[in-house]
Every structure is written in structure tokens, then in C-alpha cells.
$ cat final39.cif   # mmCIF, C-alpha atoms
data_input
#
loop_
_atom_site.label_atom_id
_atom_site.label_comp_id
_atom_site.auth_asym_id
_atom_site.auth_seq_id
_atom_site.Cartn_x
_atom_site.Cartn_y
_atom_site.Cartn_z
CA MET C 497 20.78 -24.16 95.54
CA THR C 498 23.37 -21.46 94.98
CA PRO C 499 21.83 -17.98 95.32
CA LEU C 500 22.18 -16.05 92.05
CA PRO C 501 23.84 -12.95 93.59
CA VAL C 502 26.61 -15.16 95.00
CA SER C 503 27.26 -16.64 91.56
CA ILE C 504 27.36 -13.19 89.96
CA ALA C 505 29.67 -11.74 92.60
CA ALA C 506 32.01 -14.75 92.41
CA ALA C 507 32.07 -14.62 88.61
CA VAL C 508 32.88 -10.91 88.59
CA ALA C 509 35.60 -11.37 91.19
CA SER C 510 37.30 -14.23 89.33
CA PHE C 511 37.04 -12.36 86.05
CA LEU C 512 38.68 -9.34 87.68
CA LEU C 513 41.46 -11.59 88.94
CA LEU C 514 42.06 -12.86 85.40
CA VAL C 515 42.11 -9.32 83.98
CA ILE C 516 44.53 -8.07 86.64
CA VAL C 517 46.89 -11.02 86.11
CA PHE C 518 46.76 -10.47 82.35
CA GLU C 519 47.58 -6.77 82.73
CA LEU C 520 50.45 -7.57 85.10
CA ILE C 521 51.96 -9.93 82.52
CA ARG C 522 51.43 -7.47 79.70
CA SER C 523 53.18 -4.68 81.57
CA ARG C 524 55.96 -7.11 82.48
CA ARG C 525 55.47 -6.90 86.21
CA LEU C 526 54.66 -10.62 86.38
CA ARG C 527 56.48 -13.35 84.52
CA GLU C 528 54.44 -15.93 82.64
CA ARG C 529 56.07 -18.64 84.71
CA TYR C 530 54.59 -17.29 87.95
CA ALA C 531 51.30 -16.27 86.39
CA LEU C 532 50.18 -19.74 85.29
CA LEU C 533 48.95 -20.78 88.74
CA TRP C 534 47.03 -17.53 89.19
CA LEU C 535 45.40 -17.93 85.78
CA LEU C 536 44.43 -21.49 86.66
CA THR C 537 42.95 -20.25 89.95
CA GLY C 538 40.94 -17.54 88.22
CA GLY C 539 39.83 -19.89 85.46
CA VAL C 540 38.60 -22.64 87.80
CA LEU C 541 36.79 -20.18 90.08
CA LEU C 542 35.17 -18.48 87.09
CA ALA C 543 34.02 -21.84 85.71
CA LEU C 544 32.57 -22.90 89.06
CA SER C 545 30.77 -19.58 89.50
CA LEU C 546 29.15 -19.68 86.07
CA TRP C 547 28.36 -23.39 85.97
CA ARG C 548 25.88 -23.38 88.83
CA ASP C 549 24.57 -26.93 88.35
CA GLY C 550 28.10 -28.18 88.43
CA LEU C 551 28.77 -26.39 91.70
CA ASN C 552 25.67 -27.99 93.21
CA THR C 553 26.74 -31.43 91.98
CA ILE C 554 30.24 -31.05 93.42
CA ALA C 555 28.76 -29.81 96.69
CA GLY C 556 26.59 -32.95 96.68
CA TRP C 557 29.69 -35.20 96.38
CA PHE C 558 31.07 -33.69 99.56
CA GLY C 559 27.74 -33.81 101.40
CA VAL C 560 27.37 -30.03 101.42
CA GLU C 561 23.58 -29.83 101.19
CA THR C 562 22.77 -26.48 102.72
CA TYR C 563 25.06 -23.97 101.06
CA PRO C 564 26.90 -25.02 97.83
CA PRO C 565 28.91 -21.75 97.48
CA ALA C 566 30.99 -22.96 100.44
CA ILE C 567 32.70 -25.11 97.78
CA LEU C 568 33.82 -21.93 96.01
CA GLY C 569 35.54 -20.77 99.19
CA ALA C 570 37.13 -24.19 99.71
CA VAL C 571 38.45 -24.38 96.13
CA GLY C 572 39.73 -20.81 96.37
CA ALA C 573 41.51 -21.59 99.66
CA LEU C 574 43.04 -24.74 98.16
CA PHE C 575 44.46 -22.83 95.20
CA ILE C 576 45.84 -20.08 97.44
CA LEU C 577 47.56 -22.79 99.48
CA VAL C 578 49.12 -24.24 96.33
CA VAL C 579 50.26 -20.80 95.14
CA LEU C 580 51.80 -20.05 98.54
CA LEU C 581 53.61 -23.37 98.65
CA HIS C 582 54.92 -22.75 95.14
CA TYR C 583 56.18 -19.33 96.20
CA SER C 584 57.92 -20.84 99.21
CA THR C 585 59.92 -23.06 96.87
CA VAL C 586 60.65 -20.05 94.65
CA ILE C 587 61.86 -17.99 97.61
CA SER C 588 64.06 -20.88 98.77
CA ARG C 589 65.67 -21.11 95.35
CA LEU C 590 66.17 -17.34 95.20
CA SER C 591 67.81 -17.25 98.62
CA ASP C 592 70.16 -20.10 97.63
CA GLN C 593 71.11 -18.19 94.49
CA ASN C 594 71.51 -14.99 96.49
CA THR C 595 74.00 -16.72 98.78
CA ILE C 596 76.00 -17.94 95.78
CA LEU C 597 76.03 -14.44 94.28
CA ALA C 598 77.21 -12.83 97.54
CA GLN C 599 79.98 -15.41 97.89
CA ARG C 600 81.11 -14.95 94.31
CA LEU C 601 81.11 -11.17 94.75
CA ALA C 602 83.19 -11.41 97.94
CA LEU C 603 85.73 -13.66 96.19
CA LEU C 604 85.90 -11.33 93.20
CA GLU C 605 86.37 -8.22 95.36
CA GLN C 606 89.11 -9.88 97.35
CA GLN C 607 90.85 -10.93 94.14
CA GLN C 608 90.53 -7.42 92.75
CA ARG C 609 91.93 -5.83 95.93
CA GLU C 610 94.93 -8.13 95.86
CA GLU C 611 95.60 -7.32 92.22
CA GLY C 612 95.13 -3.60 92.95
CA ALA C 613 97.60 -3.77 95.84
CA ARG C 614 100.19 -5.46 93.65
CA GLU C 615 99.86 -3.16 90.65
CA PRO C 616 101.13 0.26 91.97
CA SER C 617 104.40 -1.30 93.16
CA ARG C 618 105.07 -2.54 89.61
CA SER C 619 106.77 -5.66 90.83
CA PRO C 620 109.09 -7.18 88.20
CA ALA C 621 107.26 -10.48 88.57
CA SER C 622 104.17 -9.22 86.74
CA MET A 1007 56.15 -11.14 52.59
CA ALA A 1008 59.06 -13.56 52.56
CA GLU A 1009 58.53 -17.08 51.42
CA LEU A 1010 60.83 -19.89 52.40
CA VAL A 1011 64.12 -19.74 50.64
CA GLU A 1012 64.34 -22.76 48.41
CA VAL A 1013 67.69 -21.91 46.89
CA PRO A 1014 70.65 -23.88 48.19
CA ALA A 1015 73.14 -22.30 50.58
CA PRO A 1016 75.22 -19.62 48.87
CA PRO A 1017 78.74 -20.67 47.92
CA ARG A 1018 80.98 -20.86 50.94
CA ASN A 1019 83.65 -18.61 49.53
CA ASP A 1020 81.21 -15.76 48.99
CA VAL A 1021 80.08 -15.91 52.58
CA LEU A 1022 83.63 -16.13 53.85
CA ALA A 1023 84.67 -13.13 51.77
CA GLN A 1024 81.78 -11.06 53.12
CA LEU A 1025 82.54 -12.26 56.63
CA GLY A 1026 86.07 -10.92 56.42
CA GLU A 1027 84.94 -7.38 57.11
CA GLN A 1028 82.65 -8.26 59.98
CA LYS A 1029 83.42 -8.58 63.66
CA ARG A 1030 81.80 -11.91 64.30
CA LEU A 1031 80.95 -14.06 67.29
CA ALA A 1032 79.68 -17.57 67.82
CA VAL A 1033 77.66 -17.95 71.00
CA VAL A 1034 77.76 -21.52 72.28
CA PRO A 1035 75.39 -22.24 75.17
CA ALA A 1036 76.47 -25.34 77.08
CA LEU A 1037 75.18 -27.23 80.08
CA ASN A 1038 77.25 -30.28 80.96
CA GLU A 1039 78.54 -30.80 77.42
CA GLU A 1040 82.15 -31.79 78.17
CA GLN A 1041 81.97 -34.53 75.54
CA THR A 1042 80.99 -32.26 72.68
CA VAL A 1043 81.86 -28.63 73.43
CA GLY A 1044 85.49 -29.02 72.38
CA ARG A 1045 84.52 -30.49 69.02
CA VAL A 1046 81.96 -27.73 68.44
CA ILE A 1047 84.66 -25.09 69.03
CA ASP A 1048 87.07 -26.87 66.67
CA GLU A 1049 84.42 -27.17 63.97
CA ILE A 1050 83.51 -23.48 64.13
CA ARG A 1051 87.21 -22.59 63.84
CA ALA A 1052 87.56 -25.01 60.93
CA PHE A 1053 84.77 -23.21 59.11
CA ASP A 1054 86.25 -19.78 59.75
CA PRO A 1055 89.17 -19.09 62.09
CA GLY A 1056 88.08 -15.45 62.28
CA PHE A 1057 85.12 -16.31 64.47
CA GLU A 1058 85.48 -15.38 68.10
CA ILE A 1059 83.76 -17.97 70.25
CA VAL A 1060 82.05 -17.39 73.56
CA VAL A 1061 80.90 -20.41 75.51
CA VAL A 1062 78.17 -19.62 78.01
CA ASP A 1063 78.40 -22.26 80.70
CA ASP A 1064 74.98 -22.38 82.32
CA GLY A 1065 76.06 -23.84 85.64
CA SER A 1066 77.71 -27.06 84.43
CA THR A 1067 78.99 -29.49 87.01
CA ASP A 1068 81.44 -31.16 84.63
CA ARG A 1069 84.54 -29.89 82.81
CA THR A 1070 82.65 -27.93 80.12
CA ALA A 1071 84.11 -24.53 81.12
CA GLY A 1072 87.66 -25.85 81.48
CA ILE A 1073 87.65 -27.59 78.09
CA ALA A 1074 86.27 -24.48 76.39
CA ALA A 1075 88.87 -22.23 78.04
CA ASP A 1076 91.69 -24.61 77.04
CA ARG A 1077 90.65 -24.24 73.39
CA GLY A 1078 90.91 -20.47 73.66
CA ALA A 1079 87.21 -19.66 73.71
CA HIS A 1080 85.88 -16.83 75.86
CA VAL A 1081 84.04 -18.51 78.70
CA LEU A 1082 81.18 -16.91 80.60
CA ARG A 1083 80.53 -19.06 83.62
CA LEU A 1084 77.14 -18.46 85.18
CA PRO A 1085 77.16 -18.95 88.96
CA PHE A 1086 74.01 -21.08 88.75
CA ASN A 1087 71.70 -22.44 86.10
CA LEU A 1088 69.71 -19.63 84.50
CA GLY A 1089 68.05 -21.74 81.83
CA ILE A 1090 68.76 -21.48 78.13
CA GLY A 1091 67.09 -18.06 77.82
CA GLY A 1092 69.20 -16.41 80.49
CA ALA A 1093 72.33 -18.12 79.17
CA MET A 1094 71.75 -16.97 75.57
CA GLN A 1095 71.04 -13.42 76.67
CA THR A 1096 74.37 -13.42 78.51
CA GLY A 1097 76.02 -14.27 75.20
CA TYR A 1098 74.12 -11.55 73.34
CA ARG A 1099 75.04 -8.98 76.05
CA PHE A 1100 78.68 -9.93 75.52
CA ALA A 1101 78.24 -9.51 71.76
CA PHE A 1102 76.50 -6.15 72.23
CA GLU A 1103 78.99 -4.62 74.64
CA ARG A 1104 82.03 -5.83 72.70
CA GLY A 1105 80.62 -4.37 69.49
CA TYR A 1106 80.19 -7.47 67.34
CA ASP A 1107 78.45 -7.04 63.97
CA VAL A 1108 77.19 -10.59 63.54
CA ALA A 1109 76.41 -13.33 66.03
CA VAL A 1110 75.54 -16.95 65.38
CA GLN A 1111 74.15 -19.38 67.89
CA VAL A 1112 75.58 -22.90 67.85
CA ASP A 1113 74.48 -25.34 70.54
CA GLY A 1114 77.21 -26.92 72.64
CA ASP A 1115 75.69 -30.39 72.29
CA GLY A 1116 76.88 -30.75 68.69
CA GLN A 1117 73.48 -30.98 67.00
CA HIS A 1118 74.23 -27.91 64.88
CA ASP A 1119 76.73 -28.51 62.09
CA PRO A 1120 79.10 -25.54 61.70
CA THR A 1121 79.73 -26.46 58.05
CA GLN A 1122 76.17 -25.20 57.50
CA LEU A 1123 76.92 -21.79 58.94
CA PRO A 1124 77.08 -20.25 55.42
CA ALA A 1125 73.40 -21.10 54.95
CA ILE A 1126 72.24 -19.07 57.95
CA LEU A 1127 74.89 -16.37 57.58
CA GLY A 1128 74.20 -15.71 53.91
CA PRO A 1129 70.90 -13.78 54.21
CA VAL A 1130 72.17 -11.78 57.21
CA LEU A 1131 75.39 -10.74 55.46
CA ALA A 1132 73.49 -9.90 52.28
CA GLY A 1133 71.23 -7.59 54.32
CA GLU A 1134 68.16 -9.67 53.43
CA ALA A 1135 67.36 -10.57 57.03
CA ASP A 1136 68.10 -9.34 60.53
CA LEU A 1137 67.49 -12.81 61.93
CA CYS A 1138 68.08 -15.98 59.96
CA VAL A 1139 66.96 -19.30 61.39
CA GLY A 1140 68.14 -22.71 60.23
CA SER A 1141 65.04 -24.87 59.82
CA ARG A 1142 65.03 -28.67 59.98
CA PHE A 1143 61.70 -28.89 58.19
CA ALA A 1144 62.20 -26.51 55.29
CA GLY A 1145 63.63 -29.11 52.96
CA GLY A 1146 66.93 -30.08 54.60
CA GLY A 1147 67.74 -33.46 56.08
CA GLY A 1148 65.55 -35.64 58.25
CA TYR A 1149 65.06 -35.18 61.95
CA ARG A 1150 63.90 -37.69 64.53
CA SER A 1151 62.28 -36.62 67.75
CA SER A 1152 59.77 -37.67 70.38
CA PHE A 1153 56.04 -37.44 69.70
CA THR A 1154 55.29 -34.61 72.15
CA ARG A 1155 58.20 -32.59 70.83
CA ARG A 1156 57.06 -33.03 67.22
CA LEU A 1157 53.53 -32.06 68.24
CA GLY A 1158 54.83 -28.96 70.00
CA ILE A 1159 56.99 -28.04 67.02
CA ARG A 1160 54.04 -28.27 64.65
CA LEU A 1161 51.69 -26.38 66.98
CA PHE A 1162 54.18 -23.56 67.43
CA ALA A 1163 54.88 -23.43 63.72
CA SER A 1164 51.23 -22.72 62.90
CA VAL A 1165 50.71 -20.29 65.79
CA VAL A 1166 53.89 -18.35 65.06
CA SER A 1167 53.22 -18.29 61.31
CA ALA A 1168 49.83 -16.74 62.02
CA VAL A 1169 51.19 -14.18 64.45
CA VAL A 1170 54.13 -13.02 62.31
CA ARG A 1171 52.16 -13.34 59.03
CA GLN A 1172 54.98 -15.23 57.39
CA LYS A 1173 55.53 -18.94 56.94
CA VAL A 1174 57.70 -20.33 59.70
CA THR A 1175 58.38 -24.07 59.86
CA ASP A 1176 60.83 -24.49 62.72
CA THR A 1177 60.31 -22.14 65.64
CA THR A 1178 62.34 -24.15 68.13
CA SER A 1179 65.56 -24.22 66.15
CA GLY A 1180 68.45 -22.69 68.06
CA PHE A 1181 70.68 -22.58 64.95
CA ARG A 1182 70.40 -18.91 64.01
CA ALA A 1183 72.33 -15.85 62.96
CA VAL A 1184 71.60 -12.20 63.78
CA ASN A 1185 73.07 -8.87 62.75
CA ARG A 1186 73.80 -5.90 65.02
CA LYS A 1187 70.10 -5.02 65.22
CA GLY A 1188 69.24 -8.49 66.42
CA ILE A 1189 72.15 -8.50 68.88
CA ALA A 1190 70.92 -5.18 70.34
CA LEU A 1191 67.38 -6.48 70.67
CA PHE A 1192 68.36 -9.76 72.32
CA ALA A 1193 70.83 -8.03 74.65
CA ALA A 1194 68.07 -5.76 75.87
CA ASP A 1195 65.30 -8.32 76.02
CA TYR A 1196 65.33 -12.08 75.64
CA PRO A 1197 62.64 -14.56 76.66
CA HIS A 1198 63.24 -16.92 79.55
CA ASP A 1199 62.81 -20.67 79.32
CA TYR A 1200 62.29 -22.29 75.90
CA PRO A 1201 63.07 -18.92 74.33
CA GLU A 1202 63.45 -19.57 70.58
CA VAL A 1203 59.73 -19.42 69.81
CA GLU A 1204 59.19 -16.14 71.62
CA ALA A 1205 62.43 -14.68 70.29
CA THR A 1206 61.23 -15.28 66.73
CA VAL A 1207 57.93 -13.52 67.40
CA MET A 1208 59.69 -10.71 69.27
CA CYS A 1209 61.97 -10.00 66.32
CA VAL A 1210 59.10 -9.58 63.90
CA LYS A 1211 57.14 -7.44 66.40
CA HIS A 1212 60.17 -5.16 66.66
CA LYS A 1213 60.16 -4.84 62.86
CA LEU A 1214 63.23 -6.95 62.31
CA THR A 1215 63.14 -9.09 59.19
CA LEU A 1216 63.09 -12.83 59.59
CA ARG A 1217 64.26 -15.49 57.16
CA GLU A 1218 64.26 -19.26 57.41
CA VAL A 1219 66.70 -21.40 55.47
CA PRO A 1220 66.77 -25.19 55.28
CA VAL A 1221 69.51 -26.95 57.23
CA SER A 1222 69.97 -30.46 58.48
CA MET A 1223 70.83 -31.18 62.07
CA ARG A 1224 72.68 -34.05 63.65
CA GLU A 1225 71.65 -36.35 66.45
CA ARG A 1226 72.70 -34.95 69.78
CA GLY A 1227 76.36 -35.71 70.38
CA GLY A 1228 76.14 -36.10 74.14
CA GLY A 1229 74.27 -35.01 77.23
CA ALA A 1230 70.52 -35.37 77.56
CA SER A 1231 67.79 -33.15 76.16
CA SER A 1232 66.62 -30.75 78.82
CA ILE A 1233 63.01 -31.26 77.81
CA THR A 1234 60.90 -34.17 79.05
CA ALA A 1235 57.30 -34.98 78.10
CA LEU A 1236 55.63 -33.41 81.14
CA ARG A 1237 57.82 -30.34 81.02
CA SER A 1238 57.07 -29.84 77.35
CA ILE A 1239 53.35 -29.52 78.12
CA TYR A 1240 54.15 -26.91 80.75
CA TYR A 1241 56.42 -25.09 78.30
CA MET A 1242 53.83 -25.21 75.54
CA THR A 1243 51.25 -23.58 77.81
CA LYS A 1244 53.74 -21.01 79.02
CA VAL A 1245 55.00 -20.09 75.57
CA LEU A 1246 51.49 -19.90 74.09
CA LEU A 1247 50.49 -17.60 76.96
CA ALA A 1248 53.56 -15.46 76.34
CA ILE A 1249 52.79 -15.19 72.63
CA PHE A 1250 49.15 -14.34 73.36
CA VAL A 1251 50.00 -11.64 75.90
CA GLY A 1252 52.71 -10.38 73.56
CA LEU A 1253 50.03 -9.52 71.00
CA PHE A 1254 48.84 -6.76 73.34
CA ARG A 1255 52.24 -5.20 73.96
CA ARG A 1256 53.79 -2.23 72.24
CA TYR A 1257 57.20 -2.58 70.71
CA ALA A 1258 59.96 -0.10 70.03
CA VAL A 1259 62.97 -0.49 67.78
CA PRO A 1260 65.98 -1.23 70.00
CA PRO A 1261 68.97 1.13 69.99
CA GLU A 1262 72.00 -0.33 68.26
CA GLU A 1263 74.61 1.63 70.21
CA ALA A 1264 76.09 0.17 73.38
CA HIS A 1265 75.79 2.29 76.52
CA HIS A 1266 79.23 1.16 77.62
CA ARG A 1267 82.44 2.17 75.90
#
$ encode --input "final39.cif" --output "C-alpha cells"
Amino acid sequence: MTPLPVSIAAAVASFLLLVIVFELIRSRRLRERYALLWLLTGGVLLALSLWRDGLNTIAGWFGVETYPPAILGAVGALFILVVLLHYSTVISRLSDQNTILAQRLALLEQQQREEGAREPSRSPAS
Amino acid sequence: MAELVEVPAPPRNDVLAQLGEQKRLAVVPALNEEQTVGRVIDEIRAFDPGFEIVVVDDGSTDRTAGIAADRGAHVLRLPFNLGIGGAMQTGYRFAFERGYDVAVQVDGDGQHDPTQLPAILGPVLAGEADLCVGSRFAGGGGYRSSFTRRLGIRLFASVVSAVVRQKVTDTTSGFRAVNRKGIALFAADYPHDYPEVEATVMCVKHKLTLREVPVSMRERGGGASSITALRSIYYMTKVLLAIFVGLFRRYAVPPEEAHHR
């Protein structure tokens, strides 16, 4: 069986995670889009910590007889893996966009320099 | 406070006469709409040639930007796809910095009928609303849509109505008009993906007045809807979360003066 102190500690920790994520969204330091996975993580961990019979049952499915809270750690690790993988895709997209922005800026600056060089001479063509 | 406006659109000539004194802009967001964007521009001009038109090209890979530029519209070409929220805010920033008094939003896919612009412009010009939204469900024509989208529309309608304490029937309509106050607010802050729902709530939270008027919309002229069934579930969750968190934020009235010029 899951020891009660473990359940309490895990529940408090996941609740804290939910509160922190909520506050980060509220103060606009975290966009809703990137908060959903964290909220899901906190929600699932909170549910598993409070629903102790459920945790034992799930532990039984995986043949974890001795120490059911190990499942909490495994689920937590799995979610962290998913969040990290998601962030890797986000970083990849950002770096692609960053490249495009730098290229566009370079082209714009070059165009502006050329126009600036032409202007003081007041060529009759323009 | 405000109930739905059941009166028909005010006479076109009235609206046009009032429009004459206003610096006005139509913001047309477009993503791969080469088949329809030209017609949308022509139709807005046909309604009122005094409208300046800015097409925000949200990273199209077709000739959308070229066609719009050929018709004499201002074209803001985003270097990559920002999503409809980022694209619309680009348009509102343009409107804010260039000092426009009124801005309307007309989708580049042709589903909004510019001959119905008087309906959404009327309350804004009359000073009865800061934001006026054209609603498909407030008594106008019929509208066909997929099941998940209809479900989402209805869900949002009840949630938003409760949050803003005013009856709102069509939160996802992008056919809307705003005055200078609304332009200033949206230039400073505009929601990201699937933004219309949040924008409506945001307006009311910032003490702007909201009005819905019935309009009918057309079937999409071209392109494909950017929203699929699975995505709409994700969006619903995201938008509901945003609305919920938004209840705990503080809001200030946005400044109407541009920092530039």
C-alpha cells in the first residue's frame, strides 16, 4: 500500500505546481499554449496522489507490488519527457523563424544602404 | 445592459455620410487566398471607395500578396505564419500608428460580405459601441458548419455571455468593426490563436462597449478552413483556459494616442 505521508507530499507538490503555472499565466509570463502540458502534468499527478486505490491498482497492472508510489515517479518522468520533447520542437521552430528574420533584416538593411547612397547625389533618374 | 439589436441595418446612405469624416481602414487577413482576396478588395471599394485597405499576408505561399498589391491595397507581408491572432494585431498596429479612427475586419476568404458593412459600422459610428460584431446567429441568414465547430460556437457563446454579462451569440465571428479605442486596445494586446473569443471578452473587461448585430455570411470562397476537428478541441481547451485565467487579471483602459508620430 501507498504510505499516507507520500500521498500527502505528492498531492501538495502537484497542487503547488498547478498554482505556480496558473500564476505564471495570469501574470503573462507563460502563454496558455505552453501551459496546457504543465497543467495536464499537475492534474494527473494530483489525481494519482489523491486517488490512492487507483494508484495501487495501476501499480498492480505493471507488477509493482512492493512500492506503488514508484508509479508516481514514473508518470512524472513520462510527462517531463513529453514536455521536453514538445519544447525541442518549439525551439526548432523558433530558430527557423529567427534565421528568416535575420535574413530579412540583412536584405532590408542592404536595400536601405543602397537607397541612402543614391539619395544625397540627387541623381536625375530618381 | 445591451440586448441584441433586432432593428435592421441602418440605411446605407446614413452610414456612408457619417463615414465621410472618418479615417477608415479595412483589415483583411489572408493566408493563401489568391482566389478570393482580389474580389474582397473590389467589394470593399464598391461599398465605399474611401476605405483604405490593408491586407495582412500571414505567410502565404501563393500570389495573395501580389494580387493585393496590384489592386492598390497596403500589403503587410509577414515573414512567416504568425497565426490569425498575430496577423490581425499587425493590422491593428498599422491602424493605430497611422491614426485611423475606425477599423473593420473582413476575412480574405470572402465569407464576409462587404455590402453588410453598414450593419457593423452603424453602432460604432453612432457612438453606441466601441466594438461591433456581426453575428450569424442573431437573426441573419443561415450558416452551415461542421458539428464540432457548431458545438464550440455554442459552448463559447454561453461561457462568454456569462463572463461579459451580456448576451453574445457569435463569439467566433471575425466580421467586426472597432473605433479608435478598440484599435488602441488591439494594437497593444491581442490574443494569439483563435483570437475572436478572447478579444470579445478582453474588450468588455477593458470597459469597452460591445454590440452584436445580425449579419449573414457566405460559404467560403476558396482556400480551406484552418480549423480541423482535433485542433478545435485543443483550441476550445486553450481558449476556455485563457478566459478562466483572464477572470483573475486586472485591466486598464488603453491609451488612445500613438507613441509614434
$ closest_residue --input "final39.cif" --among "A:Val1130, A:Val1110, A:Ala1168, A:Val1184" --to "Pro1035 (chain A)" --atoms "only C-alpha atoms"
A:Val1110
$ interface_residues --input "final39.cif" --of "chain A" --to "chain C" --cutoff "8 Å" --atoms "only C-alpha atoms" --output "list in words"
Pro1085, Phe1086, Lys1244, Leu1247, Ala1248, Val1251, Gly1252, Phe1254 and Arg1255 of chain A
$ resolve_selection --input "final39.cif" --expression "the PyMOL selection byres ((chain A and resi 1246) around 12)" --output "PyMOL selection string"
(chain C and resi 528-529+532) or (chain A and resi 1158+1161-1166+1169+1200-1201+1203-1204+1207+1238-1245+1247-1253)
$ residues_around --input "final39.cif" --residues "Asp1068 (chain A)" --least-positions-apart "3" --cutoff "10 Å" --atoms "all atoms listed in the file" --output "list in words"
Leu1037, Asn1038, Glu1039, Glu1040, Gln1041, Gly1065, Ala1071, Gly1072 and Ile1073 of chain A
$ resolve_selection --input "final39.cif" --expression "the PyMOL selection byres ((chain C and resi 570) around 12)" --output "tab-separated table (two decimals) with C-alpha atoms, in the coordinates of the input"
chain	number	residue	atom	x	y	z
C	541	LEU	CA	36.79	-20.18	90.08
C	544	LEU	CA	32.57	-22.90	89.06
C	551	LEU	CA	28.77	-26.39	91.70
C	554	ILE	CA	30.24	-31.05	93.42
C	555	ALA	CA	28.76	-29.81	96.69
C	558	PHE	CA	31.07	-33.69	99.56
C	560	VAL	CA	27.37	-30.03	101.42
C	564	PRO	CA	26.90	-25.02	97.83
C	565	PRO	CA	28.91	-21.75	97.48
C	566	ALA	CA	30.99	-22.96	100.44
C	567	ILE	CA	32.70	-25.11	97.78
C	568	LEU	CA	33.82	-21.93	96.01
C	569	GLY	CA	35.54	-20.77	99.19
C	571	VAL	CA	38.45	-24.38	96.13
C	572	GLY	CA	39.73	-20.81	96.37
C	573	ALA	CA	41.51	-21.59	99.66
C	574	LEU	CA	43.04	-24.74	98.16
C	575	PHE	CA	44.46	-22.83	95.20
C	576	ILE	CA	45.84	-20.08	97.44
C	577	LEU	CA	47.56	-22.79	99.48
$ decode --input "final39.cif" --residues "region 1147-1197 of chain A" --atoms "C-alpha atoms" --output "tab-separated table (two decimals), in the first residue's frame"
chain	number	residue	atom	x	y	z
A	1147	GLY	CA	-29.13	34.25	-42.75
A	1148	GLY	CA	-28.37	30.58	-42.27
A	1149	TYR	CA	-24.94	29.16	-41.70
A	1150	ARG	CA	-23.70	25.63	-42.26
A	1151	SER	CA	-20.74	24.24	-40.40
A	1152	SER	CA	-19.24	21.05	-39.02
A	1153	PHE	CA	-20.59	19.51	-35.82
A	1154	THR	CA	-17.53	20.21	-33.64
A	1155	ARG	CA	-17.41	23.80	-34.82
A	1156	ARG	CA	-21.11	24.33	-34.05
A	1157	LEU	CA	-20.60	22.75	-30.64
A	1158	GLY	CA	-17.65	25.03	-29.95
A	1159	ILE	CA	-19.58	28.08	-31.11
A	1160	ARG	CA	-22.46	27.29	-28.78
A	1161	LEU	CA	-20.18	26.49	-25.83
A	1162	PHE	CA	-18.27	29.72	-26.25
A	1163	ALA	CA	-21.46	31.70	-26.65
A	1164	SER	CA	-22.75	30.61	-23.25
A	1165	VAL	CA	-19.39	30.96	-21.49
A	1166	VAL	CA	-18.70	34.39	-22.95
A	1167	SER	CA	-22.25	35.60	-22.28
A	1168	ALA	CA	-21.80	34.65	-18.63
A	1169	VAL	CA	-18.40	36.29	-18.33
A	1170	VAL	CA	-19.32	39.58	-20.01
A	1171	ARG	CA	-22.85	39.63	-18.50
A	1172	GLN	CA	-24.39	40.41	-21.86
A	1173	LYS	CA	-25.97	38.13	-24.43
A	1174	VAL	CA	-23.46	37.14	-27.07
A	1175	THR	CA	-24.46	34.67	-29.79
A	1176	ASP	CA	-21.46	34.50	-32.10
A	1177	THR	CA	-18.10	34.78	-30.39
A	1178	THR	CA	-16.08	33.37	-33.27
A	1179	SER	CA	-17.21	35.84	-35.90
A	1180	GLY	CA	-14.32	37.75	-37.42
A	1181	PHE	CA	-16.63	40.28	-39.10
A	1182	ARG	CA	-16.29	43.23	-36.74
A	1183	ALA	CA	-15.77	46.96	-36.52
A	1184	VAL	CA	-13.92	48.94	-33.84
A	1185	ASN	CA	-13.40	52.61	-33.10
A	1186	ARG	CA	-10.15	54.28	-32.05
A	1187	LYS	CA	-10.46	52.88	-28.52
A	1188	GLY	CA	-10.74	49.35	-29.85
A	1189	ILE	CA	-7.88	49.91	-32.29
A	1190	ALA	CA	-5.66	51.11	-29.41
A	1191	LEU	CA	-6.57	48.12	-27.27
A	1192	PHE	CA	-5.99	45.55	-30.01
A	1193	ALA	CA	-2.73	47.20	-31.09
A	1194	ALA	CA	-1.42	46.91	-27.55
A	1195	ASP	CA	-2.76	43.47	-26.77
A	1196	TYR	CA	-4.40	40.86	-28.94
A	1197	PRO	CA	-4.91	37.17	-28.20
